[in-house]
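A.B. asks: Quick one: the structure is below, and I'll ask about it shortly.
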Protein chains: 2
Amino acid sequence: MRIYFDNAATTAIDREVIDEMLPFMESHFGNPSAIHYYGRETRAAIERARKTVAKYLNCTPGEIFFTSGGTEANNMAIRCAVKAYHLKHIITSPIEHHCVLHTTQALEKEGIVQLHFVKVDEKGRFDLNHLNELLQKISERCLVTLMHANNEIGTKMDINTVGEICKKHNAVFHSDSVQTVAHFPFDLKNIPVHFISGAAHKFHGPKGTGFLYINHAIKISPMIFGGAQERNMRAGTENVYGIIGLAKALEIGYENLETTKQHIKGIKNYMIDSLQKNFPDVIFNGDLENSLYTVLNVSFPMNNKSQMVLFNLDMAGICASSGSACSSGSNENSHVLTAIKADTNRVAVRFSFSKYNTKEEVDVVVAKLNELVRVPEVVSN
Amino acid sequence: MRIYFDNAATTAIDREVIDEMLPFMESHFGNPSAIHYYGRETRAAIERARKTVAKYLNCTPGEIFFTSGGTEANNMAIRCAVKAYHLKHIITSPIEHHCVLHTTQALEKEGIVQLHFVKVDEKGRFDLNHLNELLQKISERCLVTLMHANNEIGTKMDINTVGEICKKHNAVFHSDSVQTVAHFPFDLKNIPVHFISGAAHKFHGPKGTGFLYINHAIKISPMIFGGAQERNMRAGTENVYGIIGLAKALEIGYENLETTKQHIKGIKNYMIDSLQKNFPDVIFNGDLENSLYTVLNVSFPMNNKSQMVLFNLDMAGICASSGSACSSGSNENSHVLTAIKADTNRVAVRFSFSKYNTKEEVDVVVAKLNELVRVPEVVSN
């Protein structure tokens, strides 16, 4: 039996979500752009899905655009906002997901924008005074893109406060919210944000589907051109089952938000306690006071054993991660841990939880860590 | 019982394809970028899928890049080739799919390229002398983007001949092959083409998944930035089930190519004969000699009844289309029929077939058309 503590990388699809998707794989297969029965059937299902998403995020269906995932949504928001508003400055942070960092860096490399980085502290918190200063200094309209919560260390920003700062300076404000959608409530009618993004597979929905919320005040052109899908904003035959799965997963997420949150919070706190009892020298990366209840980034002192901890956890059937899955294939150090100046003489492991995890699993993992991380003390007679 | 003659818009997923996808929805849910067991499991499945695609198209796995569909693949090829090679001229045709037309037009509007259109004749055949002339006239390196087969009228070009012309002029050659992949053989090691594209849902695979073939001689940067997926060429957590479904559908397509082709050709020819017998004034748009065996574009004289034919076919449970599904929601006339100067005093209906169709269905449709299209002759005593 494997223990899956890598839910920030991806989650298992909820059985109810699969059951909602299956009829659209098996029989309701029409192209939503077709005007006949089969087309109208899938078109109607997509529009129902859009309404569901809008309902739970408190925005209008016309502000929700389905994409192939969170990465596309973030690329689209950044690239299209820069183009539509002829923006020459982007303010972002060094701890963004690569889909934001690499997109903004590409725009800089293309000579289109100049990048500015908000300072982050040792817990991954944005320096909002610095954000204010940057916005004051740059006389032209800016794009601000700051993530709602960090996928590696869990630190969560106050999106309302950042939105108000952006509003004061007339900045366009995008927030990568891939880790928070369906995990935290969003009241988009009252949050001053222009773009947020979601990826279904981060909340027990299918991979290959996401959405971009575009506030009605924003007018952009598409990134992907072609047919009239998504009200001319994202061409390409819709991933019908994906969209339906996304909406169902989001619905389940929000309908059970409090109980799920309490359950997962309980697991995270239990693991924190248990680790502190077992490893007096353990520290936790990120801001434990204000963070994703799904993510716990644990830092152990470096030694011969701890260096191999992820590998050995995997051998023991325990799935965890060193950071973002999207970069875990590569050999680079985590850019997030580098940015928060984490001790390079320690080893970080990200454990991330879902509603399917239990405290019993934590017991197994902590017991295993006792074997895998601890260097036997030299006993002197 | 409905009759589905709109397979050029989308096809039903093959049951075998669903069965191949399901384990990855139900239990093998890891993020392919994760280094633990669940991640390696899905990563391996994606690489197997890539090998399958490469095997049937006779290219190397390293030349196959999975995307969210044909539209994204075509956008990526065009936009990234223009950027990578600093191309200032695109030669295309007026009968391309909107995902090619609108992308090239956007690049022109952005002031990046100048567009040139190859002449097409009344059957939708490209004037290759004109293509040669255009390439000769434009002294700089060009991107040529011409579709392998037209989705509305079925006319199929000789991709080898066009490729040779492009090669002679050192042009970058992209061909939208969304309607031909898994319906016709591709020997990519021997076809002088730099990019072709495929969409799984056009060959009984799932929606939301496609691929771009990029010839090894071509080096481009990504269109969507982020993680290191698809060898740094297309960021975003992979649509694992979609990719697995695509490969399975493509395998089934190619393993049964000849029998499926003969079956569908039989249906198409049977419908041609039957229509000619019943409607002496029927004509067929496109090049019947050299076209998709899946597509039959039928043109009836305009009258009060024929104007409503699609609507009334739908009422009778028969699904057909007026042209591309991607534009059928809009009120515009077909740009393809306009470009081939089709008689505007006629009504066109696209019937498109799959392996699931039968000649009996053709009988039902033709009988219904007799009711729906024919204006009763005035009988004189």
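All residue names refer to the structure tokens as shown: chains lettered A, B, ... in order, residues numbered from 1 in each chain, ligands numbered from 1 in order.
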Fewer than 5 positions away in the same chain doesn't count, so skip those; otherwise give me all residues within 7 Å of Ser321 (chain A), counting only C-alpha atoms, as a list in words.

C.D. replies: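 In the requested format, the answer is Asp6, Leu310, Val349, Arg350 and Phe351 of chain A.
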
A.B. asks: Would you put the residues from that selection into a file with C-alpha atoms, as an mmCIF file, in the first residue's frame?

C.D. replies:
```cif
data_model
loop_
_atom_site.group_PDB
_atom_site.id
_atom_site.type_symbol
_atom_site.label_atom_id
_atom_site.label_comp_id
_atom_site.auth_asym_id
_atom_site.auth_seq_id
_atom_site.Cartn_x
_atom_site.Cartn_y
_atom_site.Cartn_z
ATOM 1 C CA ASP A 6 2.302 14.666 -3.109
ATOM 2 C CA LEU A 310 13.166 11.210 -1.171
ATOM 3 C CA VAL A 349 10.906 17.560 1.569
ATOM 4 C CA ARG A 350 7.454 18.720 0.571
ATOM 5 C CA PHE A 351 4.631 16.646 1.986
#
```

A.B. asks: Tell me, counting only C-alpha atoms, for each residue of chain B within 7 Å of chain A, which pair of atoms is nearest and how far apart they are in Å to one decimal, in rows ordered by chain and increasing number, as CSV.

C.D. replies:
```
residue,atom,partner,partner_atom,distance
B:Ala9,CA,A:Asn31,CA,6.2
B:Thr10,CA,A:Asn31,CA,5.7
B:Ala12,CA,A:Phe29,CA,5.6
B:Ile13,CA,A:Met25,CA,6.6
B:Met25,CA,A:Ile13,CA,6.6
B:Glu26,CA,A:Ile13,CA,6.9
B:Phe29,CA,A:Ala12,CA,5.6
B:Gly30,CA,A:Thr10,CA,6.6
B:Asn31,CA,A:Thr10,CA,5.7
B:Ser33,CA,A:Ala325,CA,5.2
B:Ala34,CA,A:Ala325,CA,5.0
B:Ile35,CA,A:Gly329,CA,6.6
B:His36,CA,A:Asp314,CA,5.6
B:Tyr37,CA,A:Asp314,CA,6.6
B:Ser68,CA,A:Ser68,CA,6.1
B:Gly69,CA,A:Gly236,CA,6.8
B:Thr71,CA,A:Gly236,CA,5.1
B:Glu72,CA,A:Ile224,CA,6.4
B:Asn75,CA,A:Ile224,CA,6.4
B:His98,CA,A:Gly226,CA,4.6
B:Cys99,CA,A:Gly226,CA,3.4
B:Val100,CA,A:Gly226,CA,6.8
B:His102,CA,A:Gly226,CA,5.6
B:Thr103,CA,A:Phe225,CA,5.3
B:Lys207,CA,A:Asn239,CA,5.0
B:Gly208,CA,A:Asn239,CA,4.2
B:Ile224,CA,A:Asn75,CA,6.3
B:Phe225,CA,A:Thr103,CA,5.3
B:Gly226,CA,A:Cys99,CA,3.4
B:Gly227,CA,A:Cys326,CA,4.7
B:Ala228,CA,A:Cys326,CA,6.4
B:Ala235,CA,A:Thr71,CA,6.8
B:Gly236,CA,A:Thr71,CA,5.0
B:Thr237,CA,A:Lys207,CA,6.9
B:Glu238,CA,A:Gly208,CA,6.2
B:Asn239,CA,A:Gly208,CA,4.2
B:Val240,CA,A:Lys207,CA,6.9
B:Asp314,CA,A:His36,CA,5.6
B:Cys319,CA,A:His36,CA,5.8
B:Ala325,CA,A:Ala34,CA,5.0
B:Cys326,CA,A:Gly227,CA,4.7
B:Ser327,CA,A:Gly227,CA,5.9
B:Ser328,CA,A:Ala34,CA,6.1
B:Gly329,CA,A:Ser33,CA,5.7
```

A.B. asks: Quick one: residues within 10 Å of Asn132 (chain B), only C-alpha atoms counted, chain neighbours fewer than 2 positions away excluded, as a PyMOL selection string?

C.D. replies: chain B and resi 118+127-130+134-137+162+165-166+168-169

A.B. asks: As a ChimeraX atom specification, please: every residue in region 31-150 of chain A that a backbone DSSP assignment puts in helix (DSSP H, G or I).

C.D. replies: /A:37-57,61-63,70-84,98-109,128-137

A.B. asks: Excluding Phe66 (chain A) and its own-chain neighbours fewer than 2 positions away, which residues fall within 7 Å of it when counting only C-alpha atoms? Please give them as number ranges by chain.

C.D. replies: A: 64, 210-212

A.B. asks: I need the residue nearest Arg125 (chain B) from this list: B:Leu288, B:Cys80, B:Met1, B:Tyr356. Use only C-alpha atoms for the distance.

C.D. replies: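 For Arg125 (chain B), the nearest of the candidates is B:Leu288.
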
A.B. asks: Let's see if you can do this: from backbone DSSP, list all strand (DSSP E) residues in region 176-324 of chain B, as an MDAnalysis selection string.

C.D. replies: chainID B and resid 195:199 210:214 283:285 295:301 318:319

A.B. asks: Using only C-alpha atoms, which residues sit within 12 Å of Asp273 (chain B) once same-chain residues fewer than 4 positions away are excluded, as a PyMOL selection string?

C.D. replies: chain B and resi 266-269+277-280+282-284+296+359+362-363+366

A.B. asks: Using the selection just defined, write its residues with N, CA, C and O atoms as an mmCIF file, in the first residue's frame.

C.D. replies:
```
data_model
loop_
_atom_site.group_PDB
_atom_site.id
_atom_site.type_symbol
_atom_site.label_atom_id
_atom_site.label_comp_id
_atom_site.auth_asym_id
_atom_site.auth_seq_id
_atom_site.Cartn_x
_atom_site.Cartn_y
_atom_site.Cartn_z
ATOM 1 N N GLY B 266 -16.740 2.845 -49.277
ATOM 2 C CA GLY B 266 -17.955 2.195 -49.773
ATOM 3 C C GLY B 266 -19.197 3.001 -49.442
ATOM 4 O O GLY B 266 -20.085 3.187 -50.285
ATOM 5 N N ILE B 267 -19.222 3.508 -48.218
ATOM 6 C CA ILE B 267 -20.374 4.315 -47.792
ATOM 7 C C ILE B 267 -20.449 5.614 -48.580
ATOM 8 O O ILE B 267 -21.507 6.015 -49.065
ATOM 9 N N LYS B 268 -19.299 6.246 -48.727
ATOM 10 C CA LYS B 268 -19.273 7.522 -49.456
ATOM 11 C C LYS B 268 -19.711 7.326 -50.909
ATOM 12 O O LYS B 268 -20.568 8.071 -51.416
ATOM 13 N N ASN B 269 -19.148 6.318 -51.559
ATOM 14 C CA ASN B 269 -19.508 6.080 -52.964
ATOM 15 C C ASN B 269 -20.978 5.689 -53.108
ATOM 16 O O ASN B 269 -21.651 6.098 -54.052
ATOM 17 N N LYS B 277 -28.794 9.380 -58.232
ATOM 18 C CA LYS B 277 -30.023 8.760 -58.728
ATOM 19 C C LYS B 277 -31.253 9.555 -58.310
ATOM 20 O O LYS B 277 -32.197 9.719 -59.063
ATOM 21 N N ASN B 278 -31.240 10.020 -57.081
ATOM 22 C CA ASN B 278 -32.417 10.689 -56.533
ATOM 23 C C ASN B 278 -32.491 12.167 -56.861
ATOM 24 O O ASN B 278 -33.569 12.739 -56.913
ATOM 25 N N PHE B 279 -31.315 12.796 -57.036
ATOM 26 C CA PHE B 279 -31.281 14.237 -57.280
ATOM 27 C C PHE B 279 -30.424 14.501 -58.513
ATOM 28 O O PHE B 279 -29.210 14.685 -58.393
ATOM 29 N N PRO B 280 -31.033 14.523 -59.677
ATOM 30 C CA PRO B 280 -30.250 14.719 -60.905
ATOM 31 C C PRO B 280 -29.471 16.026 -60.895
ATOM 32 O O PRO B 280 -28.451 16.147 -61.562
ATOM 33 N N VAL B 282 -27.954 17.334 -58.249
ATOM 34 C CA VAL B 282 -26.994 17.432 -57.152
ATOM 35 C C VAL B 282 -25.589 17.634 -57.720
ATOM 36 O O VAL B 282 -25.274 17.136 -58.811
ATOM 37 N N ILE B 283 -24.773 18.416 -57.034
ATOM 38 C CA ILE B 283 -23.346 18.432 -57.355
ATOM 39 C C ILE B 283 -22.561 18.263 -56.057
ATOM 40 O O ILE B 283 -23.106 18.404 -54.968
ATOM 41 N N PHE B 284 -21.292 17.922 -56.212
ATOM 42 C CA PHE B 284 -20.471 17.692 -55.030
ATOM 43 C C PHE B 284 -19.338 18.708 -55.007
ATOM 44 O O PHE B 284 -18.625 18.860 -56.000
ATOM 45 N N LEU B 296 -18.042 14.110 -47.600
ATOM 46 C CA LEU B 296 -18.787 14.337 -48.838
ATOM 47 C C LEU B 296 -19.573 15.634 -48.695
ATOM 48 O O LEU B 296 -20.488 15.737 -47.872
ATOM 49 N N LYS B 359 -24.301 1.600 -44.786
ATOM 50 C CA LYS B 359 -25.050 1.971 -45.987
ATOM 51 C C LYS B 359 -26.535 2.121 -45.678
ATOM 52 O O LYS B 359 -27.238 2.916 -46.306
ATOM 53 N N VAL B 362 -27.206 5.507 -44.879
ATOM 54 C CA VAL B 362 -27.258 6.332 -46.089
ATOM 55 C C VAL B 362 -28.668 6.263 -46.694
ATOM 56 O O VAL B 362 -29.234 7.295 -47.089
ATOM 57 N N ASP B 363 -29.231 5.055 -46.734
ATOM 58 C CA ASP B 363 -30.587 4.913 -47.280
ATOM 59 C C ASP B 363 -31.577 5.793 -46.522
ATOM 60 O O ASP B 363 -32.406 6.479 -47.128
ATOM 61 N N VAL B 366 -30.853 9.527 -47.391
ATOM 62 C CA VAL B 366 -31.275 9.919 -48.742
ATOM 63 C C VAL B 366 -32.805 9.963 -48.835
ATOM 64 O O VAL B 366 -33.384 10.890 -49.430
#
```

A.B. asks: Using only C-alpha atoms, determine which residues lie at most 6 Å from region 42-58 of chain B, disregarding the query and same-chain residues fewer than 5 positions distant; provide the list as a PDB file with C-alpha atoms, in the first residue's frame.

C.D. replies:
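To be explicit, this is the file written out as out.pdb:
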```pdb
ATOM      1  CA  PRO B  32       4.520  12.611 -14.832  1.00  0.00           C
ATOM      2  CA  PHE B 186       2.434   9.156 -43.174  1.00  0.00           C
ATOM      3  CA  ASP B 187       6.028   8.318 -43.881  1.00  0.00           C
ATOM      4  CA  LEU B 188       7.558  11.316 -42.160  1.00  0.00           C
ATOM      5  CA  LYS B 189      11.159  10.213 -42.632  1.00  0.00           C
ATOM      6  CA  ILE B 244      -2.772   7.591 -23.830  1.00  0.00           C
ATOM      7  CA  ALA B 247      -1.902   6.885 -29.022  1.00  0.00           C
TER       8      ALA B 247
END
```

A.B. asks: Name all residues at most 10 Å from region 85-93 of chain B (count only C-alpha atoms; drop same-chain ones fewer than 2 positions away) and give them as a count of residues only.

C.D. replies: 51

A.B. asks: Between CA of Asp176 (chain B) and CA of Asp343 (chain B), what is the distance in Å, rounded to a tenth?

C.D. replies: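 Answer for the CA of Asp176 (chain B) to CA of Asp343 (chain B) separation: 26.6 Å.
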
A.B. asks: In Å to one decimal, how far is CA of Thr294 (chain B) from CA of Ser352 (chain B)?

C.D. replies: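 Straight-line distance from CA of Ser352 (chain B) to CA of Thr294 (chain B) works out to 5.2 Å.
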